[in-house]
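Everything below belongs to entry_6.cif, which stores mmCIF, C-alpha atoms.
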data_query
#
loop_
_atom_site.label_atom_id
_atom_site.label_comp_id
_atom_site.auth_asym_id
_atom_site.auth_seq_id
_atom_site.Cartn_x
_atom_site.Cartn_y
_atom_site.Cartn_z
CA MET A 1 79.55 121.57 105.97
CA THR A 2 77.28 120.89 103.00
CA LEU A 3 79.00 118.87 100.29
CA LYS A 4 78.12 118.71 96.62
CA ALA A 5 79.60 116.86 93.69
CA GLY A 6 81.17 118.68 90.77
CA PRO A 7 79.45 118.84 87.37
CA LEU A 8 80.93 115.55 86.13
CA ASN A 9 81.43 113.90 89.54
CA LEU A 10 84.85 112.86 88.27
CA ILE A 11 88.43 113.73 89.20
CA THR A 12 88.50 115.88 86.07
CA ASP A 13 86.26 118.41 87.81
CA VAL A 14 89.64 119.48 89.20
CA ALA A 15 90.78 122.04 86.63
CA GLY A 16 93.94 121.09 84.77
CA LEU A 17 93.44 117.31 84.66
CA ARG A 18 92.43 114.84 81.96
CA VAL A 19 92.09 111.05 82.23
CA GLY A 20 92.51 108.34 79.63
CA ASN A 21 91.76 104.61 79.73
CA ALA A 22 93.03 101.71 77.64
CA ALA A 23 92.48 97.97 78.10
CA ASP A 24 93.13 94.56 76.59
CA GLU A 25 89.92 92.59 76.96
CA LYS A 26 91.61 89.26 76.26
CA VAL A 27 94.20 89.84 78.97
CA LYS A 28 91.52 91.36 81.27
CA SER A 29 93.77 94.20 82.28
CA GLY A 30 94.38 97.83 81.49
CA VAL A 31 95.85 101.22 82.23
CA THR A 32 94.48 104.55 83.42
CA VAL A 33 96.49 107.75 83.02
CA VAL A 34 96.00 111.14 84.67
CA VAL A 35 97.51 113.85 82.45
CA CYS A 36 98.31 117.27 83.92
CA ASP A 37 97.73 120.15 81.49
CA THR A 38 100.51 122.01 83.28
CA PRO A 39 103.01 120.50 85.73
CA ALA A 40 101.29 119.77 89.06
CA THR A 41 102.60 119.42 92.60
CA ALA A 42 102.53 115.79 93.71
CA ALA A 43 103.26 113.46 96.61
CA VAL A 44 102.48 109.89 97.61
CA GLN A 45 101.52 107.85 100.66
CA VAL A 46 101.83 104.04 100.75
CA LEU A 47 100.07 102.16 103.56
CA GLY A 48 99.74 98.69 102.05
CA GLY A 49 102.42 96.10 102.69
CA ALA A 50 103.03 95.00 99.09
CA PRO A 51 103.35 98.05 96.81
CA GLY A 52 104.57 98.12 93.22
CA THR A 53 105.73 101.55 92.12
CA ARG A 54 107.91 103.63 89.80
CA GLU A 55 109.34 107.13 90.39
CA THR A 56 107.72 107.53 93.82
CA ASP A 57 110.89 108.49 95.71
CA LEU A 58 111.05 111.81 93.86
CA LEU A 59 107.62 112.71 95.30
CA GLU A 60 108.89 112.93 98.87
CA PRO A 61 108.83 116.55 100.10
CA HIS A 62 112.58 116.62 100.77
CA ASN A 63 113.49 115.67 97.19
CA THR A 64 114.18 118.07 94.34
CA VAL A 65 111.54 117.62 91.65
CA GLU A 66 108.46 119.64 92.64
CA THR A 67 105.98 118.82 89.85
CA ILE A 68 104.96 115.97 87.56
CA ASN A 69 103.39 115.66 84.12
CA ALA A 70 101.22 112.55 84.53
CA LEU A 71 100.41 109.58 86.73
CA ALA A 72 99.92 106.00 85.56
CA LEU A 73 97.75 103.38 87.28
CA SER A 74 98.04 99.92 85.80
CA GLY A 75 97.05 96.31 86.15
CA GLY A 76 99.55 93.57 85.44
CA SER A 77 101.49 93.45 88.69
CA ALA A 78 105.19 94.26 88.11
CA PHE A 79 104.68 93.89 84.35
CA GLY A 80 102.35 96.89 84.49
CA LEU A 81 105.17 99.24 85.43
CA ASP A 82 105.93 99.30 81.69
CA ALA A 83 102.84 101.51 81.30
CA ALA A 84 104.76 104.59 82.44
CA SER A 85 107.18 104.17 79.52
CA GLY A 86 104.26 104.40 77.10
CA VAL A 87 102.96 107.50 78.87
CA GLN A 88 106.42 109.07 78.64
CA ALA A 89 106.59 108.32 74.93
CA ALA A 90 103.24 110.00 74.26
CA LEU A 91 104.16 113.07 76.29
CA ARG A 92 107.66 113.36 74.79
CA GLU A 93 106.14 113.43 71.30
CA LYS A 94 104.25 116.52 72.42
CA GLY A 95 107.33 118.13 73.96
CA ILE A 96 105.93 117.78 77.49
CA GLY A 97 108.29 117.17 80.38
CA PHE A 98 111.09 118.39 82.59
CA ALA A 99 113.42 120.44 80.39
CA MET A 100 117.20 120.00 80.70
CA ARG A 101 118.94 122.02 77.97
CA ASP A 102 117.72 120.43 74.73
CA GLN A 103 116.22 117.36 76.41
CA VAL A 104 112.65 116.89 77.64
CA ILE A 105 111.98 114.21 80.24
CA PRO A 106 108.32 113.54 81.15
CA ILE A 107 107.94 112.87 84.88
CA VAL A 108 105.44 110.00 85.27
CA PRO A 109 105.20 108.21 88.63
CA ALA A 110 103.26 104.95 88.47
CA ALA A 111 101.65 102.26 90.61
CA ILE A 112 100.35 98.80 89.79
CA LEU A 113 97.82 96.28 91.07
CA PHE A 114 97.79 92.48 90.87
CA ASP A 115 95.16 91.20 88.40
CA MET A 116 96.98 88.12 87.14
CA LEU A 117 94.45 85.53 88.40
CA ASN A 118 91.22 87.04 87.07
CA GLY A 119 90.45 84.68 84.18
CA GLY A 120 92.28 86.67 81.49
CA ASP A 121 94.80 85.20 79.05
CA LYS A 122 98.22 86.28 80.33
CA ASP A 123 100.14 84.41 77.63
CA TRP A 124 101.06 87.64 75.85
CA GLY A 125 104.37 86.50 74.39
CA ARG A 126 107.77 88.08 74.94
CA TYR A 127 106.62 91.52 76.07
CA PRO A 128 103.50 92.48 78.04
CA PRO A 129 101.04 94.96 76.52
CA TYR A 130 101.29 97.68 79.15
CA ARG A 131 103.70 100.06 77.39
CA GLU A 132 101.36 100.31 74.41
CA LEU A 133 98.33 100.58 76.70
CA GLY A 134 100.00 103.45 78.54
CA TYR A 135 100.59 105.21 75.22
CA GLU A 136 96.98 104.64 74.10
CA ALA A 137 95.54 105.83 77.42
CA THR A 138 97.56 109.03 77.26
CA GLN A 139 96.41 109.75 73.72
CA ALA A 140 92.80 109.14 74.82
CA ALA A 141 92.92 111.48 77.82
CA THR A 142 89.90 113.77 78.12
CA ARG A 143 87.63 115.20 80.80
CA GLU A 144 85.00 112.44 80.54
CA PHE A 145 85.93 108.79 80.89
CA ALA A 146 84.39 105.41 81.71
CA LEU A 147 84.12 103.92 85.19
CA GLY A 148 83.81 100.32 86.35
CA THR A 149 85.30 97.68 84.05
CA ALA A 150 87.64 100.13 82.31
CA GLY A 151 91.29 101.14 82.31
CA ALA A 152 93.23 99.96 85.35
CA GLY A 153 89.97 98.60 86.78
CA THR A 154 89.32 96.24 83.86
CA GLY A 155 90.43 93.10 85.68
CA ALA A 156 90.13 94.26 89.26
CA LEU A 157 88.54 92.07 91.92
CA THR A 158 87.47 92.47 95.54
CA ALA A 159 86.37 89.86 98.07
CA GLY A 160 83.42 88.25 96.31
CA LEU A 161 82.75 90.94 93.67
CA LYS A 162 84.39 92.45 90.63
CA GLY A 163 86.28 95.63 91.42
CA GLY A 164 86.64 98.50 89.03
CA LEU A 165 87.70 102.04 88.25
CA GLY A 166 85.94 104.66 90.35
CA SER A 167 85.93 108.43 90.53
CA ALA A 168 84.11 111.22 92.38
CA SER A 169 84.43 114.92 93.13
CA THR A 170 83.46 117.40 95.83
CA VAL A 171 83.12 121.17 95.59
CA LEU A 172 83.71 122.87 98.94
CA PRO A 173 81.98 126.08 100.08
CA ASN A 174 85.23 128.05 99.64
CA GLY A 175 85.27 127.14 95.91
CA VAL A 176 87.99 124.49 96.09
CA THR A 177 87.37 121.20 94.26
CA VAL A 178 88.64 117.81 95.44
CA GLY A 179 88.56 114.81 93.10
CA ALA A 180 89.39 111.12 93.50
CA LEU A 181 90.30 108.36 91.04
CA VAL A 182 90.79 104.77 92.18
CA ALA A 183 91.34 101.27 90.80
CA VAL A 184 89.68 99.01 93.38
CA ASN A 185 91.33 95.59 93.64
CA ALA A 186 91.23 95.13 97.40
CA THR A 187 91.83 92.11 99.59
CA GLY A 188 88.73 93.16 101.51
CA SER A 189 85.06 93.81 100.83
CA VAL A 190 83.50 97.04 99.59
CA ALA A 191 80.00 95.75 100.31
CA ILE A 192 78.76 94.93 103.81
CA GLY A 193 78.78 91.17 104.38
CA ARG A 194 77.36 89.35 101.38
CA GLY A 195 74.76 92.03 100.75
CA ARG A 196 74.38 94.95 98.32
CA HIS A 197 74.97 97.82 100.76
CA PHE A 198 78.26 99.72 100.60
CA TRP A 199 80.49 100.55 103.56
CA ALA A 200 80.82 104.04 102.04
CA ALA A 201 77.06 104.68 102.32
CA PRO A 202 77.17 107.62 104.79
CA PHE A 203 79.14 109.70 102.28
CA GLU A 204 77.00 109.00 99.20
CA LEU A 205 75.76 112.03 97.23
CA GLY A 206 72.67 111.85 95.05
CA GLY A 207 72.33 108.07 94.87
CA GLU A 208 75.62 107.80 92.98
CA PHE A 209 76.12 104.15 93.95
CA GLY A 210 72.57 102.92 94.39
CA GLY A 211 71.25 105.03 97.26
CA LEU A 212 70.76 102.02 99.53
CA GLY A 213 72.23 103.48 102.72
CA TYR A 214 73.19 101.10 105.50
CA PRO A 215 71.24 97.87 106.07
CA SER A 216 68.99 97.84 109.12
CA PRO A 217 69.69 95.86 111.13
CA MET A 218 73.31 95.21 110.24
CA PRO A 219 73.71 91.63 108.96
CA ALA A 220 75.33 89.07 111.22
CA ASP A 221 78.25 88.70 108.78
CA ALA A 222 79.03 92.45 108.59
CA ALA A 223 82.32 92.12 110.48
CA ARG A 224 83.36 88.86 108.86
CA VAL A 225 86.60 88.95 106.89
CA PHE A 226 85.85 87.53 103.46
CA LYS A 227 88.69 86.55 101.14
CA LYS A 228 88.99 86.49 97.37
CA TYR A 229 90.37 82.97 97.25
CA GLU A 230 89.87 80.91 100.39
CA GLU A 231 92.40 78.31 99.21
CA ASP A 232 95.34 80.74 99.41
CA ASN A 233 94.07 82.66 102.44
CA GLY A 234 93.69 85.79 100.34
CA ALA A 235 97.44 86.37 100.13
CA VAL A 236 97.52 87.27 96.43
CA ALA A 237 95.70 89.30 93.78
CA ASN A 238 95.26 92.54 95.66
CA THR A 239 95.96 96.31 95.90
CA THR A 240 93.90 99.48 95.63
CA ILE A 241 95.72 102.35 93.90
CA ALA A 242 94.38 105.88 93.76
CA VAL A 243 94.84 109.57 93.08
CA ILE A 244 93.39 112.36 95.21
CA ALA A 245 93.57 115.73 93.48
CA THR A 246 92.64 119.35 94.13
CA ASP A 247 92.74 122.71 92.38
CA ALA A 248 93.95 124.32 95.63
CA VAL A 249 97.48 125.62 95.94
CA LEU A 250 99.56 123.13 97.96
CA SER A 251 103.22 122.47 98.67
CA LYS A 252 104.59 118.94 98.27
CA ALA A 253 104.11 118.50 102.03
CA GLY A 254 100.49 119.62 101.69
CA ALA A 255 99.96 117.19 98.81
CA LYS A 256 101.37 114.39 100.96
CA ARG A 257 98.98 115.30 103.78
CA LEU A 258 96.17 115.19 101.20
CA ALA A 259 97.22 111.65 100.22
CA ILE A 260 97.36 110.60 103.88
CA ALA A 261 93.85 111.94 104.46
CA ALA A 262 92.52 110.11 101.41
CA HIS A 263 93.64 106.80 102.92
CA ASP A 264 90.94 107.41 105.53
CA GLY A 265 88.52 107.01 102.63
CA PHE A 266 89.95 103.53 102.07
CA THR A 267 89.18 102.66 105.68
CA ARG A 268 85.59 103.92 105.38
CA ALA A 269 84.92 102.00 102.16
CA ILE A 270 86.85 98.69 102.40
CA TRP A 271 86.94 96.01 105.13
CA PRO A 272 89.69 95.04 105.86
CA VAL A 273 92.23 97.36 104.20
CA HIS A 274 95.97 98.16 104.30
CA THR A 275 96.84 94.50 104.83
CA PRO A 276 100.34 93.03 104.27
CA PHE A 277 98.99 91.59 101.00
CA ASP A 278 97.76 94.93 99.59
CA GLY A 279 99.98 97.57 98.02
CA ASP A 280 97.50 100.31 98.90
CA LEU A 281 98.76 103.66 97.65
CA VAL A 282 97.41 107.18 97.11
CA PHE A 283 99.03 109.87 95.00
CA GLY A 284 98.26 113.42 96.12
CA LEU A 285 98.04 115.97 93.30
CA ALA A 286 97.53 119.75 93.38
CA THR A 287 97.07 121.73 90.15
CA GLY A 288 96.70 125.09 91.93
CA ALA A 289 94.28 126.15 89.17
CA SER A 290 91.83 127.80 91.59
CA GLY A 291 94.53 130.06 93.00
CA ILE A 292 93.11 129.36 96.48
CA SER A 293 95.34 128.45 99.40
CA VAL A 294 93.38 126.57 102.05
CA GLY A 295 93.41 128.58 105.28
CA GLN A 296 93.23 127.38 108.86
CA ALA A 297 89.45 127.89 109.02
CA ASP A 298 88.88 125.44 106.14
CA ILE A 299 91.70 122.96 106.60
CA VAL A 300 89.78 120.28 108.52
CA ASP A 301 86.89 120.35 106.05
CA PHE A 302 89.36 120.15 103.16
CA TYR A 303 91.09 117.01 104.38
CA ALA A 304 87.78 115.46 105.46
CA ALA A 305 86.56 115.97 101.90
CA ALA A 306 89.62 114.06 100.66
CA ALA A 307 88.53 111.05 102.72
CA SER A 308 84.83 111.21 101.85
CA THR A 309 85.47 111.75 98.13
CA MET A 310 87.80 108.75 98.04
CA ALA A 311 85.27 106.55 99.85
CA ARG A 312 82.61 107.52 97.29
CA ALA A 313 84.95 106.83 94.37
CA ILE A 314 85.70 103.34 95.70
CA ALA A 315 82.02 102.46 95.93
CA ARG A 316 81.32 103.94 92.50
CA GLY A 317 84.05 101.79 90.94
CA VAL A 318 82.53 98.56 92.22
CA HIS A 319 78.97 99.74 91.55
CA ALA A 320 79.82 100.46 87.88
CA ALA A 321 81.59 97.15 87.12
CA THR A 322 80.05 95.06 84.35
CA ALA A 323 80.15 91.38 83.43
CA ALA A 324 82.60 90.12 80.80
CA PRO A 325 83.35 86.69 79.31
CA GLY A 326 85.63 84.58 81.49
CA ASP A 327 84.91 86.44 84.75
CA VAL A 328 85.81 84.60 87.94
CA MET A 329 83.62 86.87 90.09
CA PRO A 330 80.27 88.59 89.49
CA PRO A 331 79.67 92.34 89.26
CA TRP A 332 77.75 94.13 92.02
CA SER A 333 74.72 94.53 89.73
CA THR A 334 74.00 90.79 89.87
CA ARG A 335 74.21 90.44 93.67
#

Could you take the file, read its structure, and then write that structure out as structure tokens?
Amino acid sequence: MTLKAGPLNLITDVAGLRVGNAADEKVKSGVTVVVCDTPATAAVQVLGGAPGTRETDLLEPHNTVETINALALSGGSAFGLDAASGVQAALREKGIGFAMRDQVIPIVPAAILFDMLNGGDKDWGRYPPYRELGYEATQAATREFALGTAGAGTGALTAGLKGGLGSASTVLPNGVTVGALVAVNATGSVAIGRGRHFWAAPFELGGEFGGLGYPSPMPADAARVFKKYEEDNGAVANTTIAVIATDAVLSKAGAKRLAIAAHDGFTRAIWPVHTPFDGDLVFGLATGASGISVGQADIVDFYAAAASTMARAIARGVHAATAAPGDVMPPWSTR
């Protein structure tokens, strides 16, 4: 199977999706919102041991609500769950949501990451900024958006390097597009050892995160487990949260299988991953805009593309991170 990126190499190559970012540079945190132009089928898979979520139970295939209006990814740990309220406010103003008689209720599942120890000023007063950031990000949603130190990736960290917001897309031979969006704040390392090479290198398309490939020979520290903060054994300040999306027609069960497959991209791009101290989560999203149902002949390639696209997005997020005042870790570009 020959893979190629979509025109933007962003999740918004999936028809029917827009993405908006908002951040507070003083706090060193932010919000990223995926807005669905029409309600989209959604599911979720959590494999990390410390998740922080809102409205994820409704995404299980056996539950009633079939579609959602938006997804919110936020920094701020549990405080960041406020972001979904801001997204709901912005959508309700536009009359977007689940209609019940004369009431409209936007359906906005959300997930958060821990970026509370990244050098930002968290003394925000009585209320955290995330509700307003969620509103701003929704209003800013468009097809093109910033990667790296932006949105939910603004204050993200990995083991030894700044994390960031990443995205990538893949167009399959059958015409289906798969796109990934991820805020990379992992316990583990995205780069191999203390070098510049990415674990996701085999899946790279067109030099999108430096074109370095794998190091040869592999460094002696390749399998070493590095930690963000050696003094606390790496037990805080983690979680990678993501969205894997497609324009194929999927049921909720199919969207959940898509999310499960995308977690394989985590394992190909981060070492280690899915630890008890990560809340690693993937939302699966299907807009159905292509009108194509993936048949048996293409199903393995389709779910493989979910994994490879996610791995690329993770590397791109770290690759695109930039330095900012008060940083406690350097960006990849300075390694």

d(atom CA of Gly76 of chain A, atom CA of Gly30 of chain A) in Å: 7.8 Å

Contacts of Phe145 of chain A at 7 Å (all atoms listed in the file; same-chain gap of 3+ positions) as a CSV table (one decimal) with C-alpha atoms, in the frame of the given file:
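Done, and the output landed in result-v6.csv:
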chain,number,residue,atom,x,y,z
A,19,VAL,CA,92.1,111.0,82.2
A,20,GLY,CA,92.5,108.3,79.6
A,142,THR,CA,89.9,113.8,78.1

On this file, the PyMOL selection byres ((chain A and resi 307) around 9) gives some set of residues; write that set as a ChimeraX atom specification. /A:258,260-268,303-306,308-312

Would you translate the PyMOL selection byres ((chain A and resi 111) around 12) into the concrete set of residues it matches in this file, as a PDB file with C-alpha atoms, in the coordinates of the input?
ATOM      1  CA  VAL A  31      95.850 101.220  82.230  1.00  0.00           C
ATOM      2  CA  THR A  32      94.480 104.550  83.420  1.00  0.00           C
ATOM      3  CA  VAL A  33      96.490 107.750  83.020  1.00  0.00           C
ATOM      4  CA  VAL A  44     102.480 109.890  97.610  1.00  0.00           C
ATOM      5  CA  GLN A  45     101.520 107.850 100.660  1.00  0.00           C
ATOM      6  CA  VAL A  46     101.830 104.040 100.750  1.00  0.00           C
ATOM      7  CA  ALA A  50     103.030  95.000  99.090  1.00  0.00           C
ATOM      8  CA  PRO A  51     103.350  98.050  96.810  1.00  0.00           C
ATOM      9  CA  GLY A  52     104.570  98.120  93.220  1.00  0.00           C
ATOM     10  CA  THR A  53     105.730 101.550  92.120  1.00  0.00           C
ATOM     11  CA  ARG A  54     107.910 103.630  89.800  1.00  0.00           C
ATOM     12  CA  GLU A  55     109.340 107.130  90.390  1.00  0.00           C
ATOM     13  CA  THR A  56     107.720 107.530  93.820  1.00  0.00           C
ATOM     14  CA  ALA A  70     101.220 112.550  84.530  1.00  0.00           C
ATOM     15  CA  LEU A  71     100.410 109.580  86.730  1.00  0.00           C
ATOM     16  CA  ALA A  72      99.920 106.000  85.560  1.00  0.00           C
ATOM     17  CA  LEU A  73      97.750 103.380  87.280  1.00  0.00           C
ATOM     18  CA  SER A  74      98.040  99.920  85.800  1.00  0.00           C
ATOM     19  CA  GLY A  75      97.050  96.310  86.150  1.00  0.00           C
ATOM     20  CA  GLY A  76      99.550  93.570  85.440  1.00  0.00           C
ATOM     21  CA  SER A  77     101.490  93.450  88.690  1.00  0.00           C
ATOM     22  CA  ALA A  78     105.190  94.260  88.110  1.00  0.00           C
ATOM     23  CA  PHE A  79     104.680  93.890  84.350  1.00  0.00           C
ATOM     24  CA  GLY A  80     102.350  96.890  84.490  1.00  0.00           C
ATOM     25  CA  LEU A  81     105.170  99.240  85.430  1.00  0.00           C
ATOM     26  CA  ASP A  82     105.930  99.300  81.690  1.00  0.00           C
ATOM     27  CA  ALA A  83     102.840 101.510  81.300  1.00  0.00           C
ATOM     28  CA  ALA A  84     104.760 104.590  82.440  1.00  0.00           C
ATOM     29  CA  VAL A 108     105.440 110.000  85.270  1.00  0.00           C
ATOM     30  CA  PRO A 109     105.200 108.210  88.630  1.00  0.00           C
ATOM     31  CA  ALA A 110     103.260 104.950  88.470  1.00  0.00           C
ATOM     32  CA  ILE A 112     100.350  98.800  89.790  1.00  0.00           C
ATOM     33  CA  LEU A 113      97.820  96.280  91.070  1.00  0.00           C
ATOM     34  CA  PHE A 114      97.790  92.480  90.870  1.00  0.00           C
ATOM     35  CA  ALA A 152      93.230  99.960  85.350  1.00  0.00           C
ATOM     36  CA  VAL A 182      90.790 104.770  92.180  1.00  0.00           C
ATOM     37  CA  ALA A 183      91.340 101.270  90.800  1.00  0.00           C
ATOM     38  CA  THR A 239      95.960  96.310  95.900  1.00  0.00           C
ATOM     39  CA  THR A 240      93.900  99.480  95.630  1.00  0.00           C
ATOM     40  CA  ILE A 241      95.720 102.350  93.900  1.00  0.00           C
ATOM     41  CA  ALA A 242      94.380 105.880  93.760  1.00  0.00           C
ATOM     42  CA  VAL A 243      94.840 109.570  93.080  1.00  0.00           C
ATOM     43  CA  GLY A 279      99.980  97.570  98.020  1.00  0.00           C
ATOM     44  CA  ASP A 280      97.500 100.310  98.900  1.00  0.00           C
ATOM     45  CA  LEU A 281      98.760 103.660  97.650  1.00  0.00           C
ATOM     46  CA  VAL A 282      97.410 107.180  97.110  1.00  0.00           C
ATOM     47  CA  PHE A 283      99.030 109.870  95.000  1.00  0.00           C
TER      48      PHE A 283
END

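Close contacts of Ala297 of chain A, defined as residues with an atom at most 12 Å away when counting only C-alpha atoms, with chain neighbours fewer than 4 positions off set aside, comprise A:Pro173, A:Asn174, A:Ser293, A:Asp301, A:Phe302, A:Tyr303.
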